[in-house]
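A.B. asks: I am attaching a structure below and will ask some questions about it afterwards.
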Amino acid sequence: MSEQPPLDATFFAFKRRERRFVLTSVAIAYYLLLLLIGVVLVALSWNAWNGLISWYLGVLGVLSSGVAPSPPDQEIVLALAPYSLAFVPISLLLFAAFEAACLRWLLRGEAGGGFFGMKLDADTWRVLGVYGLWIVCFVLLILSLTVFYGALMAFSSLGGAARVVAMLCGALAPIGFLALLIWGAVSFAPAAATSIGRRKFTFISARKVSKPRYWPLLTAFLLVIVGYVIVASIISAIFQIPINNAMAPVMAAMMSGNDGPHLMALVQEAFFTPTMLAILAANMLVSFVLATVYYIATFGVNARAFEAAAEAGDVERG
Amino acid sequence: MSERQALNATFFAFKKRERGGVLWGASIVYAVLMLVGFGVFGWLNWQAFADYAAWTMTISQQAAGAADPNNPLGGVMPPSSVMSLMGSYSLFMIVFYLLLASYEAACLRWMIRGETKGFFGLALDGDTLRVYFTYWVWFFLLIAAYFILAIGVFGVIAGTAAGGQATANDPSAMASLGIGVIVAVFAALLLLTFFAVRFAPAAATSIAKRRFAFFDAWTVTKGRFWALLGAFLLLWLMYFVGICIFYGVVVFALGANMWTQMASGAGPATEQEALAMFSSPSVWAPIAVLYVLMIVGGFVFYIALFGINARAAQAALEEGKITAGPA
């Protein structure tokens with residue numbers, strides 16, 4: 001692990017550029033579209049949600065009386081399933097459009113077009129393709145783990161020394177898999193950025209970007225993750241003070257065996273006040289802002305890695 | 001790259017430098033700020049502490065009596081003020097570690113770069129944030145280490161059970177399971193020690209390079225593992241001996257007097273008499289002095305630890321293994 005030149009990737013996304021608020025407007029557009037899709041899906045499945053909420057309120061009352069709660073009706077779950085399943089690819093496509101818009105600005109200085117920069121164009125499909133490959137890689141990893149442990153079991157059943165070898169392999173393999181996971185995640189992290197930078201779908205070529213700058217890249221990701229955790233902990237601690245304060249009487253009533261309607265009345269009394277609603281809304285807003293800063297920072301790290309690779313001649317710009 | 005030099009790291013922190021008292025100044029200011037921090041935290045949450053004490057008394061009284069069959073869990077939940085304490089405690093911990101990072105950064109800055117800044121060396125600057133981030137990375141690595149150890153032990157158990165023979169009726173399977181667990185734990189401890197030493201100068205490396213460089217500690221410690229391990233072991237040994245001497249003195253200074261009283265039958269007969277005996281200056285004054293000495297000893301130990309890491313980073317800078325960033 002020799003010393004590598006500094007990458008200066010951690011805050012690359014937030015570097016001052018010729019136009020301001022491009023990433024902010026893309027992020028706002030992303031959340032507006034996500035909200036719209038969420039509202040449409042909830043409206044379409046409102047009857048099922050109604051049933052689920054009624055069941056949950058019933059469970060609250062049953063729990064306090066010490067009786068085991070019943071599972072929700074299968075019909076409710078089945079009615080919700082198609083909407084939940086539909087939400088996954090739609091939200092992935094939306095996130096791909098968001099990442100593509102950010103990377104387009106960070107790497108090529110292109111902004112605007114579509115809905116505040118969010119477009120259903122070739123860049124978005126490239127990024128979605130990269131997500132697809134990530135999912136395939138993850139499934140392959142799970143499958144290889146299953147096959148590996150299956151083979152290990154068969155080997156161990158031979159008995160004698162084979163059992164000891166199987167034990168050691170069984171103990172060390174998860175460490176190896178974890179190391180592989182981290183290596184793979186860092187090595188191919190700039191895949192989407194490379195695809196946008198080269199204007200063609202690439203996944204394996206991301207290794208050309210990350211290989212010469214593996215440790216600075218890992219350090220930059222660590223800094224972004226640690227920074228996110230620190231700020232999130234501070235925000236959580238600040239909001240915990242009033243929320244826990246309001247929650248205490250509800251929890252005490254729950255422990256004392258109060259029934260569902262009484263608990264709901266207490267919840268209403270504790271949380272449906274202008275101050276608490278403002279606190280909860282602020283908590284949600286701050287969490288969204290923080291998550292967005294985190295996403296954009298990681299896009300920036302990958303974009304900077306591609307920039308450095310292009311400057312060093314490791315890859316060509318499209 | 002020049003020839004590798006001897007490390008001589010154990011007492012590096014106490015080497016005579018151009019200015020004296022810098023590390024002591026930073027230590028005293030840090031100790032005072034910590035006391036102020038604890039004081040403010042206690043003052044802000046005084047009501048919560050009082051409520052907590054009242055709540056625990058209620059709980060213990062309830063536990064002593066028969067539980068209400070209609071409401072067995074009544075009173076289990078703490079009052080609102082105690083619930084809110086979690087958030088303020090988390091915030092306090094963030095301030096606590098920021099202050100510690102500022103202190104470590106001040107010591108390392110002085111030992112590696114010969115620089116002081118801020119209030120007696122303590123400043124909320126890039127160096128402090130680098131050290132603070134290093135603590136978080138250590139925290140995550142520790143969680144990862146526990147996780148890896150847990151899955152390692154699970155792997156051993158799974159590996160044995162895989163053969164379908166890990167039953168109480170199969171002594172050989174049980175024996176190999178036991179040996180496997182011991183080997184896994186021992187190997188994990190060795191690995192933890194190895195990585196702890198290799199990455200120990202992570203904060204010092206970041207200060208030396210003037211940028212966050214956790215993983216460059218690997219380069220810093222390359223070829224110096226045994227020298228660093230030796231320095232750490234020597235320091236821990238001295239600390240252990242110091243603690244033994246400290247407790248020996250405490251037992252001798254306080255215990256001998258009380259033991260004589262008790263042996264002669266003049267010991268405290270009631271709780272009030274015992275409390276009165278402990279409130280006597282002849283008893284608490286030596287305790288207070290010894291406690292202050294223990295804190296001073298703790299600071300010396302911490303500074304010596306920083307010194308070992310600082311020396312490793314400084315040697316790496318001198319040998320060209322790492323380069324300092326622009327000021």
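Simple scheme: letters A, B, ... for chains in structure tokens order, numbers from 1 for residues in each chain, numbers from 1 for ligands in the order shown.
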May I have a table of the residues of chain A lying at most 7 Å from chain B, giving each one's closest pair of atoms and their distance in Å to one decimal, counting only C-alpha atoms, ordered by chain and ascending residue number, as a tab-separated table?
C.D. replies:
residue	atom	partner	partner_atom	distance
A:Met1	CA	B:Thr219	CA	6.2
A:Ser2	CA	B:Thr219	CA	6.0
A:Glu3	CA	B:Ile322	CA	6.4
A:Met153	CA	B:Ala162	CA	4.7
A:Ser156	CA	B:Gly163	CA	5.0
A:Ser157	CA	B:Gly163	CA	3.9
A:Gly159	CA	B:Gly163	CA	6.9
A:Arg163	CA	B:Thr160	CA	6.4
A:Val164	CA	B:Ser176	CA	7.0
A:Ala166	CA	B:Gly159	CA	5.4
A:Met167	CA	B:Gly159	CA	4.2
A:Leu168	CA	B:Val156	CA	6.4
A:Gly170	CA	B:Gly155	CA	4.5
A:Ala171	CA	B:Gly155	CA	4.0
A:Leu172	CA	B:Gly152	CA	6.2
A:Pro174	CA	B:Ile151	CA	6.8
A:Ile175	CA	B:Ile148	CA	6.3
A:Val226	CA	B:Trp136	CA	6.6
A:Ile234	CA	B:Leu91	CA	6.3
A:Ala237	CA	B:Gly87	CA	4.2
A:Ile238	CA	B:Gly87	CA	6.1
A:Gln240	CA	B:Gly87	CA	5.1
A:Ile241	CA	B:Ser84	CA	4.4
A:Pro242	CA	B:Ser84	CA	6.8
A:Asn244	CA	B:Ser84	CA	5.4
A:Asn245	CA	B:Ser80	CA	4.6
A:Ala248	CA	B:Ser80	CA	5.0
A:Met251	CA	B:Met77	CA	6.8
A:Ala252	CA	B:Met77	CA	5.1
A:Met255	CA	B:Leu73	CA	5.4
A:Ser256	CA	B:Gly74	CA	4.5
A:Gly257	CA	B:Asn71	CA	6.4
A.B. asks: Please produce an output containing C-alpha atoms for each residue in the selection, written as a compact mmCIF listing (two decimals), in the first residue's frame.
C.D. replies:
# COMPACT_ATOMS: atom_id res chain seq x y z
CA MET A 1 0.00 0.00 0.00
CA SER A 2 2.36 2.73 -1.22
CA GLU A 3 1.54 6.42 -1.03
CA MET A 153 -21.07 -29.29 3.99
CA SER A 156 -17.24 -31.82 5.99
CA SER A 157 -19.47 -34.90 5.97
CA GLY A 159 -15.38 -36.62 8.61
CA ARG A 163 -14.18 -31.64 9.18
CA VAL A 164 -11.39 -29.50 10.66
CA ALA A 166 -14.22 -27.37 6.59
CA MET A 167 -14.43 -25.62 9.96
CA LEU A 168 -11.49 -23.35 9.19
CA GLY A 170 -16.24 -21.95 7.07
CA ALA A 171 -14.78 -19.52 9.57
CA LEU A 172 -12.48 -17.69 7.17
CA PRO A 174 -17.08 -14.88 5.34
CA ILE A 175 -14.07 -12.62 5.88
CA VAL A 226 -18.45 8.82 8.17
CA ILE A 234 -26.23 14.94 15.55
CA ALA A 237 -29.90 13.38 18.77
CA ILE A 238 -31.38 16.88 18.44
CA GLN A 240 -34.78 12.75 19.72
CA ILE A 241 -35.09 15.17 22.64
CA PRO A 242 -38.61 16.51 21.85
CA ASN A 244 -38.84 11.03 23.06
CA ASN A 245 -40.32 13.56 25.45
CA ALA A 248 -42.87 8.84 26.87
CA MET A 251 -45.11 4.30 25.82
CA ALA A 252 -46.03 4.38 29.51
CA MET A 255 -46.89 -0.65 29.00
CA SER A 256 -49.79 -0.12 31.41
CA GLY A 257 -52.09 -2.10 29.13
A.B. asks: Would you mind listing what lies within 12 Å of B:Ala313 as number ranges by chain, with only C-alpha atoms counted and same-chain residues fewer than 2 positions away left out?
C.D. replies: B: 7, 9, 12, 108-109, 111-113, 198-210, 213-214, 216-222, 224, 228, 306-311, 315-324
A.B. asks: Go ahead and save the residues from that selection, with C-alpha atoms, as a JSON list (two decimals), in the first residue's frame.
C.D. replies:
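Ended up saving to again_32.json:
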[["chain", "number", "residue", "atom", "x", "y", "z"],
["B", 7, "LEU", "CA", 12.38, 4.45, 16.19],
["B", 9, "ALA", "CA", 9.31, 5.92, 20.21],
["B", 12, "PHE", "CA", 9.37, 10.47, 22.21],
["B", 108, "LEU", "CA", 0.36, 15.57, 17.55],
["B", 109, "ARG", "CA", 0.71, 18.96, 15.82],
["B", 111, "MET", "CA", 5.21, 16.67, 18.34],
["B", 112, "ILE", "CA", 5.22, 16.19, 14.54],
["B", 113, "ARG", "CA", 5.22, 19.71, 13.09],
["B", 198, "ARG", "CA", -0.45, -1.26, 11.73],
["B", 199, "PHE", "CA", -3.15, 1.43, 11.78],
["B", 200, "ALA", "CA", -2.34, 2.91, 15.21],
["B", 201, "PRO", "CA", -0.63, 6.02, 13.74],
["B", 202, "ALA", "CA", -3.66, 6.82, 11.52],
["B", 203, "ALA", "CA", -4.38, 10.13, 13.30],
["B", 204, "ALA", "CA", -0.67, 11.02, 13.46],
["B", 205, "THR", "CA", -0.32, 10.25, 9.73],
["B", 206, "SER", "CA", -3.23, 12.56, 8.92],
["B", 207, "ILE", "CA", -1.63, 15.35, 10.97],
["B", 208, "ALA", "CA", 1.74, 14.72, 9.29],
["B", 209, "LYS", "CA", 0.23, 14.76, 5.79],
["B", 210, "ARG", "CA", -2.20, 17.62, 6.58],
["B", 213, "ALA", "CA", -4.97, 9.65, 5.39],
["B", 214, "PHE", "CA", -6.15, 6.72, 7.52],
["B", 216, "ASP", "CA", -1.45, 5.64, 4.74],
["B", 217, "ALA", "CA", -0.74, 4.49, 8.30],
["B", 218, "TRP", "CA", -0.07, 1.13, 6.66],
["B", 219, "THR", "CA", 2.84, 2.71, 4.76],
["B", 220, "VAL", "CA", 4.04, 4.47, 7.92],
["B", 221, "THR", "CA", 4.19, 1.26, 9.95],
["B", 222, "LYS", "CA", 5.64, -0.89, 7.16],
["B", 224, "ARG", "CA", 8.22, -1.07, 11.97],
["B", 228, "LEU", "CA", 5.89, -0.19, 17.50],
["B", 306, "PHE", "CA", 0.34, 9.94, 21.08],
["B", 307, "GLY", "CA", 4.14, 10.23, 21.15],
["B", 308, "ILE", "CA", 4.69, 6.69, 19.83],
["B", 309, "ASN", "CA", 2.37, 7.35, 16.88],
["B", 310, "ALA", "CA", 3.86, 10.80, 16.31],
["B", 311, "ARG", "CA", 7.36, 9.34, 16.19],
["B", 315, "ALA", "CA", 10.14, 8.86, 10.90],
["B", 316, "ALA", "CA", 8.04, 8.07, 7.81],
["B", 317, "LEU", "CA", 8.17, 11.74, 6.79],
["B", 318, "GLU", "CA", 11.95, 11.85, 7.24],
["B", 319, "GLU", "CA", 12.40, 8.65, 5.25],
["B", 320, "GLY", "CA", 10.16, 9.93, 2.44],
["B", 321, "LYS", "CA", 7.59, 7.15, 2.89],
["B", 322, "ILE", "CA", 4.91, 9.84, 3.14],
["B", 323, "THR", "CA", 4.93, 13.49, 2.13],
["B", 324, "ALA", "CA", 3.43, 16.45, 3.96]]
A.B. asks: From the set B:Ala63, B:Val296, B:Leu190, B:Ala50, which residue has the shortest atom-to-atom contact distance to B:Ala31, counting only C-alpha atoms?
C.D. replies: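 Ranking B:Ala63, B:Val296, B:Leu190, B:Ala50 by distance to B:Ala31, first place goes to B:Val296.
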A.B. asks: Can you tell me, as a PyMOL selection string, what residues are no more than 12 Å from stretch 205-215 of chain A when counting only C-alpha atoms, ignoring any on the same chain fewer than 5 positions away?
C.D. replies: (chain A and resi 1-9+130+182-198+200+220-222+301-317) or (chain B and resi 212-219)
A.B. asks: Could you save the residues just selected, with C-alpha atoms, as a CSV table (one decimal), in the first residue's frame?
C.D. replies:
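The resulting out_37.csv:
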chain,number,residue,atom,x,y,z
A,1,MET,CA,0.0,0.0,0.0
A,2,SER,CA,2.4,2.7,-1.2
A,3,GLU,CA,1.5,6.4,-1.0
A,4,GLN,CA,-0.8,7.5,-3.8
A,5,PRO,CA,-1.3,11.0,-5.1
A,6,PRO,CA,-4.2,12.8,-3.5
A,7,LEU,CA,-7.5,12.5,-5.4
A,8,ASP,CA,-9.4,15.4,-3.7
A,9,ALA,CA,-12.6,13.6,-4.4
A,130,VAL,CA,-25.3,-0.3,-14.4
A,182,ILE,CA,-15.6,-4.1,-0.4
A,183,TRP,CA,-13.1,-4.6,-3.2
A,184,GLY,CA,-15.9,-5.1,-5.8
A,185,ALA,CA,-17.9,-2.1,-4.5
A,186,VAL,CA,-14.9,0.3,-4.6
A,187,SER,CA,-13.5,-1.1,-7.9
A,188,PHE,CA,-16.7,-0.8,-9.8
A,189,ALA,CA,-18.2,2.2,-8.0
A,190,PRO,CA,-17.3,4.6,-10.8
A,191,ALA,CA,-19.2,2.4,-13.4
A,192,ALA,CA,-22.0,4.9,-13.8
A,193,ALA,CA,-19.7,7.9,-13.9
A,194,THR,CA,-17.5,6.1,-16.5
A,195,SER,CA,-20.6,5.3,-18.6
A,196,ILE,CA,-21.6,9.0,-18.6
A,197,GLY,CA,-18.0,10.2,-19.1
A,198,ARG,CA,-17.5,7.9,-22.1
A,200,LYS,CA,-21.4,4.5,-23.7
A,220,ALA,CA,-13.0,9.3,0.0
A,221,PHE,CA,-16.0,6.9,0.3
A,222,LEU,CA,-15.2,6.4,4.0
A,301,VAL,CA,-16.3,11.0,-5.7
A,302,ASN,CA,-17.0,8.7,-8.7
A,303,ALA,CA,-17.0,11.7,-11.1
A,304,ARG,CA,-13.6,12.9,-9.7
A,305,ALA,CA,-12.2,9.4,-10.1
A,306,PHE,CA,-13.2,9.4,-13.8
A,307,GLU,CA,-11.8,13.0,-14.2
A,308,ALA,CA,-8.5,11.9,-12.8
A,309,ALA,CA,-8.4,8.7,-14.9
A,310,ALA,CA,-9.2,10.8,-18.1
A,311,GLU,CA,-6.5,13.3,-17.2
A,312,ALA,CA,-4.0,10.4,-16.6
A,313,GLY,CA,-5.0,8.8,-19.9
A,314,ASP,CA,-6.4,5.7,-18.3
A,315,VAL,CA,-9.7,6.1,-20.1
A,316,GLU,CA,-11.0,8.3,-22.9
A,317,ARG,CA,-13.8,10.8,-22.7
B,212,PHE,CA,-7.2,12.6,6.1
B,213,ALA,CA,-5.0,9.6,5.4
B,214,PHE,CA,-6.1,6.7,7.5
B,215,PHE,CA,-4.9,4.0,5.2
B,216,ASP,CA,-1.5,5.6,4.7
B,217,ALA,CA,-0.7,4.5,8.3
B,218,TRP,CA,-0.1,1.1,6.7
B,219,THR,CA,2.8,2.7,4.8
A.B. asks: Take atom CA of A:Val286 and atom CA of A:Ile235 and report the distance between them in Å, one decimal.
C.D. replies: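 Computing it gives 8.0 Å between the two atoms.
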A.B. asks: Could you state the separation of atom CA of A:Gly160 and atom CA of B:Ala175 in Å, given to one decimal place?
C.D. replies: 12.0 Å
A.B. asks: I'd like the contact shell of stretch 131-147 of chain A - 12 Å cut-off, only C-alpha atoms, skipping same-chain residues fewer than 4 positions apart - returned as a PDB file with N, CA and C atoms, in the first residue's frame.
C.D. replies:
ATOM      1  N   PRO A  89     -38.967  -0.888  -9.657  1.00  0.00           N
ATOM      2  CA  PRO A  89     -38.319  -0.474 -10.913  1.00  0.00           C
ATOM      3  C   PRO A  89     -38.531   1.003 -11.239  1.00  0.00           C
ATOM      4  N   SER A  91     -38.904   3.542  -9.109  1.00  0.00           N
ATOM      5  CA  SER A  91     -38.026   4.380  -8.276  1.00  0.00           C
ATOM      6  C   SER A  91     -36.565   4.221  -8.703  1.00  0.00           C
ATOM      7  N   LEU A  92     -36.189   3.007  -9.148  1.00  0.00           N
ATOM      8  CA  LEU A  92     -34.818   2.802  -9.646  1.00  0.00           C
ATOM      9  C   LEU A  92     -34.560   3.642 -10.896  1.00  0.00           C
ATOM     10  N   LEU A  93     -35.555   3.643 -11.806  1.00  0.00           N
ATOM     11  CA  LEU A  93     -35.431   4.422 -13.045  1.00  0.00           C
ATOM     12  C   LEU A  93     -35.315   5.919 -12.715  1.00  0.00           C
ATOM     13  N   LEU A  94     -36.101   6.348 -11.748  1.00  0.00           N
ATOM     14  CA  LEU A  94     -36.082   7.756 -11.342  1.00  0.00           C
ATOM     15  C   LEU A  94     -34.720   8.120 -10.737  1.00  0.00           C
ATOM     16  N   PHE A  95     -34.208   7.203  -9.910  1.00  0.00           N
ATOM     17  CA  PHE A  95     -32.909   7.463  -9.286  1.00  0.00           C
ATOM     18  C   PHE A  95     -31.803   7.460 -10.345  1.00  0.00           C
ATOM     19  N   ALA A  96     -31.943   6.583 -11.346  1.00  0.00           N
ATOM     20  CA  ALA A  96     -30.960   6.544 -12.438  1.00  0.00           C
ATOM     21  C   ALA A  96     -30.973   7.875 -13.188  1.00  0.00           C
ATOM     22  N   ALA A  97     -32.175   8.428 -13.407  1.00  0.00           N
ATOM     23  CA  ALA A  97     -32.285   9.724 -14.095  1.00  0.00           C
ATOM     24  C   ALA A  97     -31.641  10.822 -13.257  1.00  0.00           C
ATOM     25  N   GLU A  99     -29.170  10.400 -10.955  1.00  0.00           N
ATOM     26  CA  GLU A  99     -27.712  10.231 -10.977  1.00  0.00           C
ATOM     27  C   GLU A  99     -27.140  10.666 -12.327  1.00  0.00           C
ATOM     28  N   ALA A 100     -27.841  10.301 -13.401  1.00  0.00           N
ATOM     29  CA  ALA A 100     -27.358  10.675 -14.743  1.00  0.00           C
ATOM     30  C   ALA A 100     -27.305  12.199 -14.882  1.00  0.00           C
ATOM     31  N   THR A 124     -29.531   8.033 -18.868  1.00  0.00           N
ATOM     32  CA  THR A 124     -30.343   7.415 -17.809  1.00  0.00           C
ATOM     33  C   THR A 124     -30.384   5.903 -17.989  1.00  0.00           C
ATOM     34  N   TRP A 125     -30.572   5.447 -19.242  1.00  0.00           N
ATOM     35  CA  TRP A 125     -30.631   3.997 -19.484  1.00  0.00           C
ATOM     36  C   TRP A 125     -29.290   3.344 -19.187  1.00  0.00           C
ATOM     37  N   ARG A 126     -28.184   4.073 -19.487  1.00  0.00           N
ATOM     38  CA  ARG A 126     -26.847   3.524 -19.162  1.00  0.00           C
ATOM     39  C   ARG A 126     -26.717   3.324 -17.650  1.00  0.00           C
ATOM     40  N   VAL A 127     -27.130   4.345 -16.904  1.00  0.00           N
ATOM     41  CA  VAL A 127     -27.016   4.248 -15.435  1.00  0.00           C
ATOM     42  C   VAL A 127     -27.927   3.137 -14.918  1.00  0.00           C
ATOM     43  N   ALA A 151     -21.014 -27.042  -0.826  1.00  0.00           N
ATOM     44  CA  ALA A 151     -19.841 -27.878  -1.099  1.00  0.00           C
ATOM     45  C   ALA A 151     -19.076 -28.152   0.193  1.00  0.00           C
ATOM     46  N   LEU A 152     -19.024 -27.142   1.046  1.00  0.00           N
ATOM     47  CA  LEU A 152     -18.301 -27.281   2.317  1.00  0.00           C
ATOM     48  C   LEU A 152     -18.972 -28.327   3.213  1.00  0.00           C
ATOM     49  N   MET A 153     -20.313 -28.306   3.195  1.00  0.00           N
ATOM     50  CA  MET A 153     -21.068 -29.288   3.992  1.00  0.00           C
ATOM     51  C   MET A 153     -20.772 -30.701   3.505  1.00  0.00           C
ATOM     52  N   ALA A 154     -20.777 -30.851   2.169  1.00  0.00           N
ATOM     53  CA  ALA A 154     -20.514 -32.171   1.586  1.00  0.00           C
ATOM     54  C   ALA A 154     -19.103 -32.633   1.955  1.00  0.00           C
ATOM     55  N   GLY A 170     -14.954 -22.565   6.719  1.00  0.00           N
ATOM     56  CA  GLY A 170     -16.240 -21.951   7.067  1.00  0.00           C
ATOM     57  C   GLY A 170     -16.054 -20.682   7.874  1.00  0.00           C
ATOM     58  N   ALA A 173     -14.056 -18.027   5.348  1.00  0.00           N
ATOM     59  CA  ALA A 173     -14.729 -17.643   4.093  1.00  0.00           C
ATOM     60  C   ALA A 173     -15.532 -16.346   4.197  1.00  0.00           C
ATOM     61  N   PRO A 174     -16.319 -16.135   5.279  1.00  0.00           N
ATOM     62  CA  PRO A 174     -17.083 -14.882   5.337  1.00  0.00           C
ATOM     63  C   PRO A 174     -16.185 -13.643   5.299  1.00  0.00           C
ATOM     64  N   GLY A 176     -13.318 -13.475   3.742  1.00  0.00           N
ATOM     65  CA  GLY A 176     -12.923 -13.362   2.341  1.00  0.00           C
ATOM     66  C   GLY A 176     -14.038 -12.756   1.498  1.00  0.00           C
ATOM     67  N   PHE A 177     -15.275 -13.202   1.753  1.00  0.00           N
ATOM     68  CA  PHE A 177     -16.415 -12.676   0.990  1.00  0.00           C
ATOM     69  C   PHE A 177     -16.636 -11.192   1.279  1.00  0.00           C
ATOM     70  N   LEU A 178     -16.452 -10.813   2.545  1.00  0.00           N
ATOM     71  CA  LEU A 178     -16.619  -9.398   2.902  1.00  0.00           C
ATOM     72  C   LEU A 178     -15.564  -8.545   2.203  1.00  0.00           C
ATOM     73  N   LEU A 180     -14.041  -9.289  -0.521  1.00  0.00           N
ATOM     74  CA  LEU A 180     -14.397  -9.290  -1.946  1.00  0.00           C
ATOM     75  C   LEU A 180     -15.498  -8.259  -2.218  1.00  0.00           C
ATOM     76  N   LEU A 181     -16.449  -8.194  -1.293  1.00  0.00           N
ATOM     77  CA  LEU A 181     -17.573  -7.264  -1.428  1.00  0.00           C
ATOM     78  C   LEU A 181     -17.061  -5.817  -1.439  1.00  0.00           C
ATOM     79  N   GLY A 184     -14.982  -5.206  -4.612  1.00  0.00           N
ATOM     80  CA  GLY A 184     -15.859  -5.071  -5.779  1.00  0.00           C
ATOM     81  C   GLY A 184     -16.610  -3.748  -5.763  1.00  0.00           C
ATOM     82  N   ALA A 185     -17.109  -3.374  -4.580  1.00  0.00           N
ATOM     83  CA  ALA A 185     -17.900  -2.139  -4.473  1.00  0.00           C
ATOM     84  C   ALA A 185     -17.052  -0.926  -4.848  1.00  0.00           C
ATOM     85  N   PHE A 188     -15.764  -1.091  -8.790  1.00  0.00           N
ATOM     86  CA  PHE A 188     -16.738  -0.822  -9.847  1.00  0.00           C
ATOM     87  C   PHE A 188     -17.674   0.339  -9.509  1.00  0.00           C
ATOM     88  N   ALA A 189     -17.382   1.013  -8.392  1.00  0.00           N
ATOM     89  CA  ALA A 189     -18.225   2.163  -8.002  1.00  0.00           C
ATOM     90  C   ALA A 189     -18.303   3.216  -9.110  1.00  0.00           C
ATOM     91  N   PRO A 190     -17.189   3.520  -9.810  1.00  0.00           N
ATOM     92  CA  PRO A 190     -17.312   4.577 -10.841  1.00  0.00           C
ATOM     93  C   PRO A 190     -17.918   4.098 -12.163  1.00  0.00           C
ATOM     94  N   ALA A 191     -18.623   2.944 -12.148  1.00  0.00           N
ATOM     95  CA  ALA A 191     -19.165   2.408 -13.408  1.00  0.00           C
ATOM     96  C   ALA A 191     -20.139   3.389 -14.065  1.00  0.00           C
ATOM     97  N   ALA A 192     -21.059   3.947 -13.270  1.00  0.00           N
ATOM     98  CA  ALA A 192     -22.042   4.877 -13.842  1.00  0.00           C
ATOM     99  C   ALA A 192     -21.338   6.141 -14.337  1.00  0.00           C
ATOM    100  N   SER A 195     -19.607   5.432 -17.523  1.00  0.00           N
ATOM    101  CA  SER A 195     -20.564   5.339 -18.635  1.00  0.00           C
ATOM    102  C   SER A 195     -20.964   6.731 -19.119  1.00  0.00           C
ATOM    103  N   PHE A 201     -22.229   2.593 -22.538  1.00  0.00           N
ATOM    104  CA  PHE A 201     -22.389   1.746 -21.370  1.00  0.00           C
ATOM    105  C   PHE A 201     -21.099   0.986 -21.083  1.00  0.00           C
ATOM    106  N   THR A 202     -20.570   1.159 -19.874  1.00  0.00           N
ATOM    107  CA  THR A 202     -19.368   0.426 -19.471  1.00  0.00           C
ATOM    108  C   THR A 202     -19.530   0.006 -18.017  1.00  0.00           C
ATOM    109  N   PHE A 203     -19.034  -1.150 -17.719  1.00  0.00           N
ATOM    110  CA  PHE A 203     -19.051  -1.596 -16.316  1.00  0.00           C
ATOM    111  C   PHE A 203     -17.646  -2.053 -15.929  1.00  0.00           C
ATOM    112  N   ILE A 204     -17.118  -2.995 -16.725  1.00  0.00           N
ATOM    113  CA  ILE A 204     -15.797  -3.562 -16.420  1.00  0.00           C
ATOM    114  C   ILE A 204     -14.716  -2.474 -16.525  1.00  0.00           C
TER     115      ILE A 204
END
A.B. asks: Just give me the gap between atom CA of A:Leu57 and atom CA of A:Leu277 in Å, one decimal is fine.
C.D. replies: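 The value is 20.6 Å.
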